[in-house]
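Just my_file_19.txt here, compact mmCIF, C-alpha atoms:
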```
# COMPACT_ATOMS: atom_id res chain seq x y z
CA GLY A 1 -8.76 15.99 -0.38
CA GLN A 2 -5.38 14.56 0.43
CA ASN A 3 -2.52 15.17 -2.00
CA ILE A 4 0.65 13.08 -2.12
CA ASP A 5 3.11 13.85 -4.93
CA GLN A 6 6.17 11.98 -6.08
CA PRO A 7 7.94 11.72 -9.45
CA THR A 8 6.61 9.07 -11.80
CA GLU A 9 9.94 7.68 -12.98
CA MET A 10 13.65 7.92 -12.17
CA THR A 11 16.73 6.22 -13.57
CA ALA A 12 20.19 5.75 -12.11
CA THR A 13 23.28 3.60 -12.59
CA GLU A 14 24.56 0.79 -10.43
CA GLY A 15 26.65 2.04 -7.50
CA ALA A 16 25.17 5.54 -7.62
CA ILE A 17 23.00 7.41 -5.09
CA VAL A 18 19.42 8.39 -5.83
CA GLN A 19 16.96 10.57 -3.90
CA ILE A 20 13.22 10.07 -4.35
CA ASN A 21 11.16 13.03 -3.16
CA CYS A 22 7.65 13.08 -1.79
CA THR A 23 5.58 16.14 -0.93
CA TYR A 24 2.24 16.02 0.81
CA GLN A 25 -0.69 18.27 1.64
CA THR A 26 -3.03 16.49 4.02
CA SER A 27 -5.64 17.28 6.65
CA GLY A 28 -3.59 16.12 9.61
CA PHE A 29 -0.43 14.06 9.88
CA ASN A 30 0.62 11.08 11.97
CA GLY A 31 3.66 9.78 10.09
CA LEU A 32 5.06 8.92 6.68
CA PHE A 33 5.85 5.48 5.31
CA TRP A 34 8.00 4.36 2.40
CA TYR A 35 7.32 1.04 0.70
CA GLN A 36 9.13 -0.83 -2.08
CA GLN A 37 7.14 -2.81 -4.64
CA HIS A 38 8.71 -5.06 -7.26
CA ALA A 39 6.58 -5.86 -10.29
CA GLY A 40 4.02 -8.55 -9.48
CA GLU A 41 4.91 -8.59 -5.80
CA ALA A 42 3.63 -7.20 -2.50
CA PRO A 43 4.67 -3.75 -1.32
CA THR A 44 7.25 -4.21 1.46
CA PHE A 45 7.85 -1.78 4.32
CA LEU A 46 11.07 0.26 4.16
CA SER A 47 10.79 3.07 6.70
CA TYR A 48 8.53 5.14 8.94
CA ASN A 49 9.18 8.76 9.94
CA VAL A 50 7.23 10.60 12.61
CA LEU A 51 9.68 13.28 13.74
CA ASP A 52 11.74 15.65 11.62
CA GLY A 53 15.13 14.40 10.59
CA LEU A 54 16.96 11.55 8.94
CA GLU A 55 16.45 7.88 9.73
CA GLU A 56 19.21 5.62 8.41
CA LYS A 57 18.78 1.91 7.81
CA GLY A 58 21.65 0.32 5.91
CA ARG A 59 21.77 1.53 2.30
CA PHE A 60 18.39 3.23 2.67
CA SER A 61 17.68 6.47 4.56
CA SER A 62 14.49 8.48 4.88
CA PHE A 63 14.12 12.15 5.76
CA LEU A 64 11.10 14.09 6.97
CA SER A 65 10.30 17.79 7.34
CA ARG A 66 6.83 18.16 8.84
CA SER A 67 6.82 21.96 8.49
CA LYS A 68 7.54 21.71 4.77
CA GLY A 69 5.33 18.67 4.07
CA TYR A 70 8.32 16.96 2.51
CA SER A 71 10.11 13.65 2.68
CA TYR A 72 12.75 11.86 0.66
CA LEU A 73 14.05 8.34 0.39
CA LEU A 74 17.80 8.08 -0.22
CA LEU A 75 19.20 4.92 -1.76
CA LYS A 76 22.98 4.49 -1.72
CA GLU A 77 25.26 2.04 -3.55
CA LEU A 78 22.46 1.18 -5.94
CA GLN A 79 22.08 -2.42 -7.06
CA MET A 80 20.14 -3.87 -9.96
CA LYS A 81 17.69 -5.44 -7.49
CA ASP A 82 16.71 -1.93 -6.33
CA SER A 83 14.78 -1.47 -9.59
CA ALA A 84 11.21 -1.24 -8.29
CA SER A 85 8.37 1.15 -7.56
CA TYR A 86 8.78 3.20 -4.36
CA LEU A 87 5.57 4.26 -2.65
CA CYS A 88 5.21 7.20 -0.30
CA ALA A 89 2.24 6.98 2.12
CA VAL A 90 0.98 9.42 4.75
CA SER A 91 -0.87 8.27 7.85
CA LEU A 92 -3.45 10.70 9.25
CA ASP A 93 -4.05 11.44 12.88
CA ARG A 94 -7.55 12.60 13.40
CA GLY A 95 -11.22 11.74 13.43
CA SER A 96 -12.67 9.35 10.92
CA THR A 97 -9.41 9.22 8.97
CA LEU A 98 -7.30 8.05 11.94
CA GLY A 99 -4.96 5.33 10.79
CA ARG A 100 -5.77 5.62 7.11
CA LEU A 101 -2.86 5.56 4.69
CA TYR A 102 -2.91 7.84 1.67
CA PHE A 103 -0.51 6.71 -1.04
CA GLY A 104 1.28 8.56 -3.79
CA ARG A 105 1.27 7.07 -7.29
CA GLY A 106 4.71 5.56 -6.78
CA THR A 107 8.09 6.30 -8.35
CA GLN A 108 9.35 3.65 -10.78
CA LEU A 109 13.13 3.44 -10.34
CA THR A 110 15.21 1.75 -13.00
CA VAL A 111 18.82 0.93 -12.18
CA TRP A 112 21.12 0.45 -15.20
CA PRO A 113 24.37 -1.53 -15.13
CA GLU B 1 7.17 -15.44 3.00
CA THR B 2 5.27 -12.24 3.61
CA GLY B 3 3.03 -13.48 6.41
CA VAL B 4 -0.01 -12.40 4.39
CA THR B 5 -1.31 -14.91 1.86
CA GLN B 6 -3.83 -14.12 -0.86
CA THR B 7 -5.66 -16.55 -3.12
CA PRO B 8 -6.12 -16.84 -5.98
CA ARG B 9 -3.16 -14.99 -7.51
CA HIS B 10 -4.99 -14.51 -10.78
CA LEU B 11 -8.72 -14.47 -11.55
CA VAL B 12 -10.56 -13.99 -14.81
CA MET B 13 -14.32 -13.66 -14.59
CA GLY B 14 -17.29 -12.53 -16.60
CA MET B 15 -19.46 -9.64 -15.51
CA THR B 16 -22.26 -11.95 -14.34
CA ASN B 17 -20.06 -14.29 -12.27
CA LYS B 18 -19.73 -14.43 -8.51
CA LYS B 19 -16.34 -15.10 -6.98
CA SER B 20 -14.49 -14.48 -3.74
CA LEU B 21 -10.96 -13.35 -2.92
CA LYS B 22 -9.34 -14.73 0.22
CA CYS B 23 -6.70 -13.26 2.51
CA GLU B 24 -5.05 -14.89 5.51
CA GLN B 25 -2.47 -13.37 7.84
CA HIS B 26 -0.19 -15.31 10.17
CA LEU B 27 1.22 -12.28 12.02
CA GLY B 28 -1.20 -12.03 14.93
CA HIS B 29 -2.41 -8.64 13.73
CA ASN B 30 -5.77 -7.10 14.63
CA ALA B 31 -6.40 -4.84 11.63
CA MET B 32 -6.89 -5.96 8.02
CA TYR B 33 -7.38 -3.96 4.83
CA TRP B 34 -8.45 -4.31 1.21
CA TYR B 35 -6.81 -2.05 -1.39
CA LYS B 36 -7.28 -1.65 -5.12
CA GLN B 37 -4.20 -0.94 -7.26
CA SER B 38 -4.80 0.23 -10.84
CA ALA B 39 -2.17 1.23 -13.36
CA LYS B 40 -0.98 4.83 -13.00
CA LYS B 41 -3.14 5.38 -9.89
CA PRO B 42 -2.33 5.47 -6.18
CA LEU B 43 -3.28 2.54 -4.00
CA GLU B 44 -6.93 3.04 -3.05
CA LEU B 45 -8.19 1.92 0.33
CA MET B 46 -11.47 0.00 0.05
CA PHE B 47 -12.25 -1.49 3.46
CA VAL B 48 -10.76 -1.60 6.95
CA TYR B 49 -11.46 -4.12 9.68
CA ASN B 50 -10.18 -3.51 13.20
CA PHE B 51 -10.69 -6.34 15.70
CA LYS B 52 -13.11 -7.92 13.19
CA GLU B 53 -15.30 -4.82 13.04
CA GLN B 54 -15.59 -2.89 9.80
CA THR B 55 -14.39 0.64 10.51
CA GLU B 56 -14.08 1.95 6.97
CA ASN B 57 -16.00 1.64 3.75
CA ASN B 58 -14.39 4.05 1.37
CA SER B 59 -17.46 4.62 -0.84
CA VAL B 60 -16.99 1.26 -2.48
CA PRO B 61 -19.77 0.03 -4.80
CA SER B 62 -22.01 -2.65 -3.34
CA ARG B 63 -20.83 -5.16 -5.95
CA PHE B 64 -17.82 -5.55 -3.60
CA SER B 65 -18.77 -7.14 -0.28
CA PRO B 66 -16.16 -7.75 2.45
CA GLU B 67 -16.32 -10.37 5.18
CA CYS B 68 -14.07 -10.79 8.20
CA PRO B 69 -14.99 -13.96 10.14
CA ASN B 70 -11.99 -13.65 12.49
CA SER B 71 -8.91 -11.49 12.88
CA SER B 72 -6.82 -13.80 10.67
CA HIS B 73 -9.09 -14.06 7.64
CA LEU B 74 -10.57 -11.54 5.26
CA PHE B 75 -12.69 -12.14 2.17
CA LEU B 76 -13.84 -9.94 -0.68
CA HIS B 77 -16.97 -11.23 -2.37
CA LEU B 78 -17.44 -10.09 -5.97
CA HIS B 79 -20.60 -10.05 -8.07
CA THR B 80 -21.70 -8.38 -11.32
CA LEU B 81 -18.39 -6.55 -11.70
CA GLN B 82 -17.61 -4.03 -14.43
CA PRO B 83 -14.60 -3.92 -16.78
CA GLU B 84 -13.19 -0.94 -14.83
CA ASP B 85 -12.92 -3.20 -11.79
CA SER B 86 -10.01 -5.02 -13.46
CA ALA B 87 -7.04 -4.31 -11.17
CA LEU B 88 -4.69 -5.78 -8.58
CA TYR B 89 -6.46 -6.29 -5.26
CA LEU B 90 -4.13 -6.18 -2.27
CA CYS B 91 -4.80 -7.32 1.25
CA ALA B 92 -2.79 -5.93 4.17
CA SER B 93 -2.65 -6.29 7.93
CA SER B 94 -1.21 -4.27 10.79
CA GLN B 95 -0.92 -4.64 14.54
CA ASP B 96 -3.82 -2.24 15.02
CA GLY B 97 -5.66 0.44 13.07
CA THR B 98 -4.00 3.52 14.55
CA GLY B 99 -1.72 4.08 11.57
CA ASP B 100 1.59 4.20 13.42
CA GLN B 101 2.49 0.58 12.67
CA PRO B 102 3.54 -0.61 9.20
CA GLN B 103 1.05 -2.51 7.10
CA HIS B 104 2.16 -5.87 5.72
CA PHE B 105 0.84 -6.67 2.26
CA GLY B 106 0.04 -9.85 0.41
CA ASP B 107 1.11 -10.41 -3.21
CA GLY B 108 -2.38 -9.54 -4.42
CA THR B 109 -4.97 -11.04 -6.73
CA ARG B 110 -4.77 -9.88 -10.36
CA LEU B 111 -8.43 -9.60 -11.41
CA SER B 112 -9.53 -9.36 -15.03
CA ILE B 113 -13.16 -8.76 -15.95
CA LEU B 114 -14.22 -9.87 -19.41
```
Please express the file's structure as structure tokens.
Amino acid sequence: GQNIDQPTEMTATEGAIVQINCTYQTSGFNGLFWYQQHAGEAPTFLSYNVLDGLEEKGRFSSFLSRSKGYSYLLLKELQMKDSASYLCAVSLDRGSTLGRLYFGRGTQLTVWP
Amino acid sequence: ETGVTQTPRHLVMGMTNKKSLKCEQHLGHNAMYWYKQSAKKPLELMFVYNFKEQTENNSVPSRFSPECPNSSHLFLHLHTLQPEDSALYLCASSQDGTGDQPQHFGDGTRLSIL
């Protein structure tokens, strides 16, 4: 089966930097998505990595190492509104699983003042 | 405004009832998805429709029946559900089903089975 691991919970203070890790072991790989989900709301798309390296988008950056099966989401200058669940999802590239997303359980981030 | 609208937002039903969940997307996408989100579990893919054709049925019990009349609308028909089916049901859409485009999610229907 497909295995996507990320920490269950993290806490940080306003203005700080936090790194949320995701490791994966999957039968094939197309790319890796990060989503943000506030309680009671829809998951919203944050980033998509296909190639190794760092993708920066404002306060959020995402890193991928395909050889290590590893990604992280980096959040800078944390704000209270960043308190949410962050979902890591792997897209597969082959056969009957083409296009399917496999999600981790999500990391609940709490930002304290 | 997410571009993907789900109704109802909340639904309480008995195990013998029949109800339907509705999803509508205004993004011009060709692929639509149903997911189940339970506490402490990863999002579980239930069904995939690509250009109105069902391309995935992830071993979902027959008490869940999807319908996709056109590329903008997706339904999930429910009958004789079990208490363990209580969860958040999320609809999503993407440009196509190849997996290299982000999926856009609705706010979900919170389903409670009595």
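Nearest to Pro69 in chain B of all the residues B:Glu44, B:Glu53, B:Asp100, B:Glu84 is B:Glu53, based on all atoms listed in the file.
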Practice prompt. Check every residue of chain A for an atom within 12 Å of chain B, counting all atoms listed in the file, and provide those that qualify as a VMD selection string.
Written response: chain A and resid 2 to 9 29 to 50 85 to 108
Could you dump the residues just selected with C-alpha atoms as a PDB file, keeping the file's coordinate frame?
```pdb
ATOM      1  CA  GLN A   2      -5.380  14.560   0.430  1.00  0.00           C
ATOM      2  CA  ASN A   3      -2.520  15.170  -2.000  1.00  0.00           C
ATOM      3  CA  ILE A   4       0.650  13.080  -2.120  1.00  0.00           C
ATOM      4  CA  ASP A   5       3.110  13.850  -4.930  1.00  0.00           C
ATOM      5  CA  GLN A   6       6.170  11.980  -6.080  1.00  0.00           C
ATOM      6  CA  PRO A   7       7.940  11.720  -9.450  1.00  0.00           C
ATOM      7  CA  THR A   8       6.610   9.070 -11.800  1.00  0.00           C
ATOM      8  CA  GLU A   9       9.940   7.680 -12.980  1.00  0.00           C
ATOM      9  CA  PHE A  29      -0.430  14.060   9.880  1.00  0.00           C
ATOM     10  CA  ASN A  30       0.620  11.080  11.970  1.00  0.00           C
ATOM     11  CA  GLY A  31       3.660   9.780  10.090  1.00  0.00           C
ATOM     12  CA  LEU A  32       5.060   8.920   6.680  1.00  0.00           C
ATOM     13  CA  PHE A  33       5.850   5.480   5.310  1.00  0.00           C
ATOM     14  CA  TRP A  34       8.000   4.360   2.400  1.00  0.00           C
ATOM     15  CA  TYR A  35       7.320   1.040   0.700  1.00  0.00           C
ATOM     16  CA  GLN A  36       9.130  -0.830  -2.080  1.00  0.00           C
ATOM     17  CA  GLN A  37       7.140  -2.810  -4.640  1.00  0.00           C
ATOM     18  CA  HIS A  38       8.710  -5.060  -7.260  1.00  0.00           C
ATOM     19  CA  ALA A  39       6.580  -5.860 -10.290  1.00  0.00           C
ATOM     20  CA  GLY A  40       4.020  -8.550  -9.480  1.00  0.00           C
ATOM     21  CA  GLU A  41       4.910  -8.590  -5.800  1.00  0.00           C
ATOM     22  CA  ALA A  42       3.630  -7.200  -2.500  1.00  0.00           C
ATOM     23  CA  PRO A  43       4.670  -3.750  -1.320  1.00  0.00           C
ATOM     24  CA  THR A  44       7.250  -4.210   1.460  1.00  0.00           C
ATOM     25  CA  PHE A  45       7.850  -1.780   4.320  1.00  0.00           C
ATOM     26  CA  LEU A  46      11.070   0.260   4.160  1.00  0.00           C
ATOM     27  CA  SER A  47      10.790   3.070   6.700  1.00  0.00           C
ATOM     28  CA  TYR A  48       8.530   5.140   8.940  1.00  0.00           C
ATOM     29  CA  ASN A  49       9.180   8.760   9.940  1.00  0.00           C
ATOM     30  CA  VAL A  50       7.230  10.600  12.610  1.00  0.00           C
ATOM     31  CA  SER A  85       8.370   1.150  -7.560  1.00  0.00           C
ATOM     32  CA  TYR A  86       8.780   3.200  -4.360  1.00  0.00           C
ATOM     33  CA  LEU A  87       5.570   4.260  -2.650  1.00  0.00           C
ATOM     34  CA  CYS A  88       5.210   7.200  -0.300  1.00  0.00           C
ATOM     35  CA  ALA A  89       2.240   6.980   2.120  1.00  0.00           C
ATOM     36  CA  VAL A  90       0.980   9.420   4.750  1.00  0.00           C
ATOM     37  CA  SER A  91      -0.870   8.270   7.850  1.00  0.00           C
ATOM     38  CA  LEU A  92      -3.450  10.700   9.250  1.00  0.00           C
ATOM     39  CA  ASP A  93      -4.050  11.440  12.880  1.00  0.00           C
ATOM     40  CA  ARG A  94      -7.550  12.600  13.400  1.00  0.00           C
ATOM     41  CA  GLY A  95     -11.220  11.740  13.430  1.00  0.00           C
ATOM     42  CA  SER A  96     -12.670   9.350  10.920  1.00  0.00           C
ATOM     43  CA  THR A  97      -9.410   9.220   8.970  1.00  0.00           C
ATOM     44  CA  LEU A  98      -7.300   8.050  11.940  1.00  0.00           C
ATOM     45  CA  GLY A  99      -4.960   5.330  10.790  1.00  0.00           C
ATOM     46  CA  ARG A 100      -5.770   5.620   7.110  1.00  0.00           C
ATOM     47  CA  LEU A 101      -2.860   5.560   4.690  1.00  0.00           C
ATOM     48  CA  TYR A 102      -2.910   7.840   1.670  1.00  0.00           C
ATOM     49  CA  PHE A 103      -0.510   6.710  -1.040  1.00  0.00           C
ATOM     50  CA  GLY A 104       1.280   8.560  -3.790  1.00  0.00           C
ATOM     51  CA  ARG A 105       1.270   7.070  -7.290  1.00  0.00           C
ATOM     52  CA  GLY A 106       4.710   5.560  -6.780  1.00  0.00           C
ATOM     53  CA  THR A 107       8.090   6.300  -8.350  1.00  0.00           C
ATOM     54  CA  GLN A 108       9.350   3.650 -10.780  1.00  0.00           C
TER      55      GLN A 108
END
```
Item to complete: Calculate how many Å separate CA of Gln79 in chain A from CA of Lys57 in chain A, rounding to one decimal.
Response: 15.8 Å
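Relative to CA of Gln6 in chain B, CA of Glu24 in chain B is found at 6.5 Å.
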Quick one: axis-aligned box around all listed atoms of range 35-51 of chain B, 8 Å on every side, centre and edge lengths in Å to one decimal, written as lines of an AutoDock Vina configuration file.
```
center_x = -6.6
center_y = -0.4
center_z = 1.2
size_x = 27.3
size_y = 27.8
size_z = 45.1
```
Discussion item. Give me the residues near range 62-78 of chain A as a PyMOL selection string, where near means some atom within 7 Å (using all atoms listed in the file) and where sequence neighbours in that chain fewer than 2 positions away do not count.
Written reply: chain A and resi 14-25+47+49+51-56+59-60+80+82
For the residues selected in the previous step, produce a file with C-alpha atoms as an mmCIF file, in the frame of the given file.
```cif
data_model
loop_
_atom_site.group_PDB
_atom_site.id
_atom_site.type_symbol
_atom_site.label_atom_id
_atom_site.label_comp_id
_atom_site.auth_asym_id
_atom_site.auth_seq_id
_atom_site.Cartn_x
_atom_site.Cartn_y
_atom_site.Cartn_z
ATOM 1 C CA GLU A 14 24.560 0.790 -10.430
ATOM 2 C CA GLY A 15 26.650 2.040 -7.500
ATOM 3 C CA ALA A 16 25.170 5.540 -7.620
ATOM 4 C CA ILE A 17 23.000 7.410 -5.090
ATOM 5 C CA VAL A 18 19.420 8.390 -5.830
ATOM 6 C CA GLN A 19 16.960 10.570 -3.900
ATOM 7 C CA ILE A 20 13.220 10.070 -4.350
ATOM 8 C CA ASN A 21 11.160 13.030 -3.160
ATOM 9 C CA CYS A 22 7.650 13.080 -1.790
ATOM 10 C CA THR A 23 5.580 16.140 -0.930
ATOM 11 C CA TYR A 24 2.240 16.020 0.810
ATOM 12 C CA GLN A 25 -0.690 18.270 1.640
ATOM 13 C CA SER A 47 10.790 3.070 6.700
ATOM 14 C CA ASN A 49 9.180 8.760 9.940
ATOM 15 C CA LEU A 51 9.680 13.280 13.740
ATOM 16 C CA ASP A 52 11.740 15.650 11.620
ATOM 17 C CA GLY A 53 15.130 14.400 10.590
ATOM 18 C CA LEU A 54 16.960 11.550 8.940
ATOM 19 C CA GLU A 55 16.450 7.880 9.730
ATOM 20 C CA GLU A 56 19.210 5.620 8.410
ATOM 21 C CA ARG A 59 21.770 1.530 2.300
ATOM 22 C CA PHE A 60 18.390 3.230 2.670
ATOM 23 C CA MET A 80 20.140 -3.870 -9.960
ATOM 24 C CA ASP A 82 16.710 -1.930 -6.330
#
```
Worksheet item: From the list B:Ile113, B:Tyr35, B:Gln95, B:Gly28, which residue is nearest Leu76 in chain B when using all atoms listed in the file?
Response: B:Tyr35
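Of the listed residues B:Met32, B:Leu21, B:Cys68, B:Leu114, the one whose atoms come nearest to Pro8 in chain B is B:Leu21, with distances taken using only C-alpha atoms.
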Worksheet item: Excluding same-chain residues fewer than 2 positions from Pro66 in chain B, what lies within 9 Å of it counting all atoms listed in the file, as JSON, numbers by chain?
Response: {"B": [34, 47, 54, 64, 68, 74, 75, 76, 77, 78]}
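Atom to atom, CA of Lys22 in chain B and CA of Ser71 in chain B stand 13.1 Å apart.
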Worksheet entry | Met13 in chain B environment, 9 Å, only C-alpha atoms, sequence neighbours closer than 3 positions dropped, as JSON, numbers by chain | {"B": [16, 17, 18, 19, 81, 111, 112, 113, 114]}
